Amino acid sequence: MEKDYSAQVEKLLPETKTLANNGQLQQALEQCLVLEKQTRSASDLESNTKILNHIIQLCFDAKDYKLLNEQIVLLSKKHGLLKTAVTKMVQTAMTFIDQIPEKEPMLELINTIRTVTEGKIYVEIERARVTRKLSKMKEDEGDIAQASEILQQLQVETFGSMERREKTDFILEQMRLCLLRKDFTRVQIISKKISQRFFEQEENSDLKLRFFEIMVQHALHETQYLNVCKYLQKIYETKSVKENEAKWKEVLQNIVVFAVLAPFDLEQNQIVNTIANDQNLSKLPLHKNLLNNFITDELMRWTKIEEIYGETLKQAYGINNPETAQTYWEALHKSVTEHNIRVISKCYSKITIQRLTELLDLSQDETEATIAELVVSGTVYAKINRPAGIVTFEKSKDANTQLNEWSGSVNSVLDLIAKTCHLIVKEEMVHNIKKTL
């Protein structure tokens, strides 16, 4: 600081305020601008900050919003401006937004602040906050598309001065608006900007719940039931949910439902077995029994599943929605059918199609289509002989494989014979020793 203008500033502020109150706003501003230039040239940060804030405060108190916008633009373009002082001025201007009763001047002030902060790193946080406020106004008006586009202009993940929690909050808001707009592809893209390790800290549990609730909705739309289950598990593991019995029961119920809805594979099987070992599942006997039906190698009758679990399952996410209920119900029927085919493939090497359709409660065409899907996915091995009406679940073996199996069997028999002979000799020796005694 080359010179201290604090005394002049303290004297000028009440004088110019009196002039403005007497209707001489322009004269008051002219006096302020003269001293503003002097404090700026002398790098007197504290005095320059006071004058900048005082200038825009005079315009605001006079309710001359057009002049207020002009002064903000003018002061932010001065040669040799002090960045900290401009930042404080912008922050003060942001406090005026909620105090303006009319919508039009409020929008003009928001746009002015966005204009003067564009491309300036030292006011990037202020620009982000005022842009979010504009986005919220558009959303309240019902223009979700415009609100989403405005907020997506911000690449907050690149803002070095913004705290990580606030960044995450902005990104979650972008995801929420994209979800409302039904832009599910962009939801997935934006979600990659958030590291899930950030949610391991307990103080971020509220953001964690928001993130995974959005991801559940995205996975439901994409019918990725296994992902729904995994996201719900993350919610279930949160401390605040664990401490609320009503919440964790609801989440655990949905975890069970979507675990059984997911197509069978190694990961799904592992998740199902992990859920089955949860101690809290004993407090949900109906869902525990449903899960056990998919773990044990026993056939399930679809009519019984509908009768016993129908009303309970209709309370799960999406299933209680008339638009999506049929899709989820068909997925559950498919899961039951595929489980039954896996069980049958373990018990039968061959079975007639007629008997198979009876066991599955399906038509012949539906049975063949389901088996074909399981064969393509590699879940089971099967061959359908339509002329003979037989389904074969056992792989045909070539001569070398068959001979190797026979050789192994012969070796096993020979090992048993050798062991038996050894035991006989041992018994004879023991018997002969007893005779001599």
# chains A, B, ... in the order shown; residues from 1 in each chain; ligands from 1
>>> residues_around(residues="A:Asn340", least_positions_apart="5", cutoff="10 Å", atoms="only C-alpha atoms", output="ChimeraX atom specification")
/A:294,297-301,334-335,345,356,359-360
>>> residues_around(residues="A:Lys133", least_positions_apart="2", cutoff="12 Å", atoms="only C-alpha atoms", output="JSON, numbers by chain")
{"A": [94, 95, 97, 98, 106, 107, 109, 110, 111, 113, 114, 126, 127, 128, 129, 130, 131, 135, 136, 137, 138, 139, 140, 147, 150, 151, 170, 173]}
>>> select_by_dssp(residues="stretch 236-406 of chain A", states="strand (DSSP E or B)", output="list in words")
Lys350, Ile351, Thr352, Lys383, Ile384, Asn385, Ile390, Val391 and Thr392 of chain A
>>> write_last_selection(atoms="N, CA and C atoms", output="mmCIF file, in the first residue's frame")
data_model
loop_
_atom_site.group_PDB
_atom_site.id
_atom_site.type_symbol
_atom_site.label_atom_id
_atom_site.label_comp_id
_atom_site.auth_asym_id
_atom_site.auth_seq_id
_atom_site.Cartn_x
_atom_site.Cartn_y
_atom_site.Cartn_z
ATOM 1 N N LYS A 350 -31.572 -85.702 -18.884
ATOM 2 C CA LYS A 350 -32.527 -85.565 -19.994
ATOM 3 C C LYS A 350 -33.929 -85.481 -19.416
ATOM 4 N N ILE A 351 -34.788 -84.733 -20.096
ATOM 5 C CA ILE A 351 -36.181 -84.610 -19.660
ATOM 6 C C ILE A 351 -37.029 -84.261 -20.876
ATOM 7 N N THR A 352 -38.257 -84.743 -20.895
ATOM 8 C CA THR A 352 -39.135 -84.430 -22.024
ATOM 9 C C THR A 352 -39.620 -82.993 -21.903
ATOM 10 N N LYS A 383 -29.519 -78.846 -24.839
ATOM 11 C CA LYS A 383 -29.828 -79.079 -26.249
ATOM 12 C C LYS A 383 -31.274 -79.531 -26.349
ATOM 13 N N ILE A 384 -31.986 -78.922 -27.295
ATOM 14 C CA ILE A 384 -33.400 -79.265 -27.470
ATOM 15 C C ILE A 384 -33.549 -80.113 -28.728
ATOM 16 N N ASN A 385 -34.077 -81.313 -28.578
ATOM 17 C CA ASN A 385 -34.378 -82.203 -29.699
ATOM 18 C C ASN A 385 -35.878 -82.137 -29.939
ATOM 19 N N ILE A 390 -37.273 -83.885 -26.472
ATOM 20 C CA ILE A 390 -36.403 -84.102 -25.309
ATOM 21 C C ILE A 390 -35.415 -82.942 -25.177
ATOM 22 N N VAL A 391 -35.183 -82.525 -23.939
ATOM 23 C CA VAL A 391 -34.164 -81.529 -23.624
ATOM 24 C C VAL A 391 -33.037 -82.239 -22.885
ATOM 25 N N THR A 392 -31.798 -82.076 -23.387
ATOM 26 C CA THR A 392 -30.632 -82.706 -22.769
ATOM 27 C C THR A 392 -29.803 -81.647 -22.063
#
>>> atom_distance(atom1="atom CA of A:Gly389", atom2="atom CA of A:Ile353")
5.5 Å
>>> residues_around(residues="A:Ala316", least_positions_apart="5", cutoff="12 Å", atoms="only C-alpha atoms", output="PDB file with C-alpha atoms, in the first residue's frame")
ATOM      1  CA  LEU A 220     -34.345 -48.416 -12.322  1.00  0.00           C
ATOM      2  CA  VAL A 228     -30.137 -50.960  -7.960  1.00  0.00           C
ATOM      3  CA  CYS A 229     -29.340 -53.607  -5.350  1.00  0.00           C
ATOM      4  CA  LYS A 249     -36.177 -52.172   7.066  1.00  0.00           C
ATOM      5  CA  GLU A 250     -37.564 -50.433   3.987  1.00  0.00           C
ATOM      6  CA  VAL A 251     -34.139 -50.360   2.304  1.00  0.00           C
ATOM      7  CA  LEU A 252     -33.363 -53.991   3.174  1.00  0.00           C
ATOM      8  CA  GLN A 253     -36.717 -55.113   1.780  1.00  0.00           C
ATOM      9  CA  ASN A 254     -35.914 -53.419  -1.527  1.00  0.00           C
ATOM     10  CA  ILE A 255     -32.403 -54.900  -1.526  1.00  0.00           C
ATOM     11  CA  VAL A 256     -33.896 -58.405  -1.314  1.00  0.00           C
ATOM     12  CA  VAL A 257     -36.450 -57.705  -4.052  1.00  0.00           C
ATOM     13  CA  PHE A 258     -33.949 -56.334  -6.564  1.00  0.00           C
ATOM     14  CA  LEU A 261     -34.923 -59.608  -9.860  1.00  0.00           C
ATOM     15  CA  HIS A 287     -38.294 -61.490   2.611  1.00  0.00           C
ATOM     16  CA  TYR A 309     -45.327 -62.645  -1.665  1.00  0.00           C
ATOM     17  CA  GLY A 310     -47.483 -60.695  -4.136  1.00  0.00           C
ATOM     18  CA  GLU A 311     -48.830 -57.992  -1.812  1.00  0.00           C
ATOM     19  CA  ASN A 321     -46.031 -47.658  -9.927  1.00  0.00           C
ATOM     20  CA  THR A 324     -43.502 -49.870 -14.409  1.00  0.00           C
ATOM     21  CA  ALA A 325     -45.178 -52.570 -12.285  1.00  0.00           C
ATOM     22  CA  TYR A 328     -40.825 -55.699 -12.711  1.00  0.00           C
ATOM     23  CA  TRP A 329     -43.447 -58.421 -12.318  1.00  0.00           C
TER      24      TRP A 329
END
>>> select_by_dssp(residues="stretch 82-222 of chain A", states="helix (DSSP H, G or I)", output="PyMOL selection string")
chain A and resi 83-99+103-117+121-140+144-152+156-158+164-180+184-191+196-200+202-221
>>> residues_around(residues="A:Thr274", least_positions_apart="6", cutoff="12 Å", atoms="only C-alpha atoms", output="ChimeraX atom specification")
/A:229-230,233,255-256,259,267-268,281,291-292,295
>>> atom_distance(atom1="atom CA of A:Ile305", atom2="atom CA of A:Leu290")
8.4 Å
>>> atom_distance(atom1="atom CA of A:Leu284", atom2="atom CA of A:Leu332")
19.2 Å
>>> decode(residues="stretch 245-258 of chain A", atoms="N, CA and C atoms", output="compact mmCIF listing (two decimals), in the first residue's frame")
# COMPACT_ATOMS: atom_id res chain seq x y z
N GLU A 245 -34.73 -47.74 12.46
CA GLU A 245 -35.22 -49.08 12.13
C GLU A 245 -36.20 -49.07 10.96
N ALA A 246 -37.08 -48.10 10.94
CA ALA A 246 -38.06 -48.03 9.85
C ALA A 246 -37.37 -47.86 8.50
N LYS A 247 -36.31 -47.02 8.48
CA LYS A 247 -35.60 -46.77 7.22
C LYS A 247 -34.84 -48.01 6.75
N TRP A 248 -34.06 -48.63 7.67
CA TRP A 248 -33.25 -49.75 7.21
C TRP A 248 -34.11 -50.95 6.82
N LYS A 249 -35.27 -51.08 7.46
CA LYS A 249 -36.18 -52.17 7.07
C LYS A 249 -36.69 -51.97 5.64
N GLU A 250 -37.08 -50.73 5.34
CA GLU A 250 -37.56 -50.43 3.99
C GLU A 250 -36.47 -50.67 2.94
N VAL A 251 -35.25 -50.20 3.25
CA VAL A 251 -34.14 -50.36 2.30
C VAL A 251 -33.78 -51.84 2.14
N LEU A 252 -33.73 -52.57 3.24
CA LEU A 252 -33.36 -53.99 3.17
C LEU A 252 -34.40 -54.80 2.40
N GLN A 253 -35.66 -54.45 2.56
CA GLN A 253 -36.72 -55.11 1.78
C GLN A 253 -36.49 -54.93 0.28
N ASN A 254 -36.16 -53.69 -0.11
CA ASN A 254 -35.91 -53.42 -1.53
C ASN A 254 -34.63 -54.08 -2.02
N ILE A 255 -33.64 -54.20 -1.15
CA ILE A 255 -32.40 -54.90 -1.53
C ILE A 255 -32.72 -56.35 -1.89
N VAL A 256 -33.52 -57.00 -1.06
CA VAL A 256 -33.90 -58.40 -1.31
C VAL A 256 -34.65 -58.52 -2.63
N VAL A 257 -35.62 -57.63 -2.84
CA VAL A 257 -36.45 -57.71 -4.05
C VAL A 257 -35.60 -57.57 -5.31
N PHE A 258 -34.72 -56.57 -5.34
CA PHE A 258 -33.95 -56.33 -6.56
C PHE A 258 -32.79 -57.30 -6.71
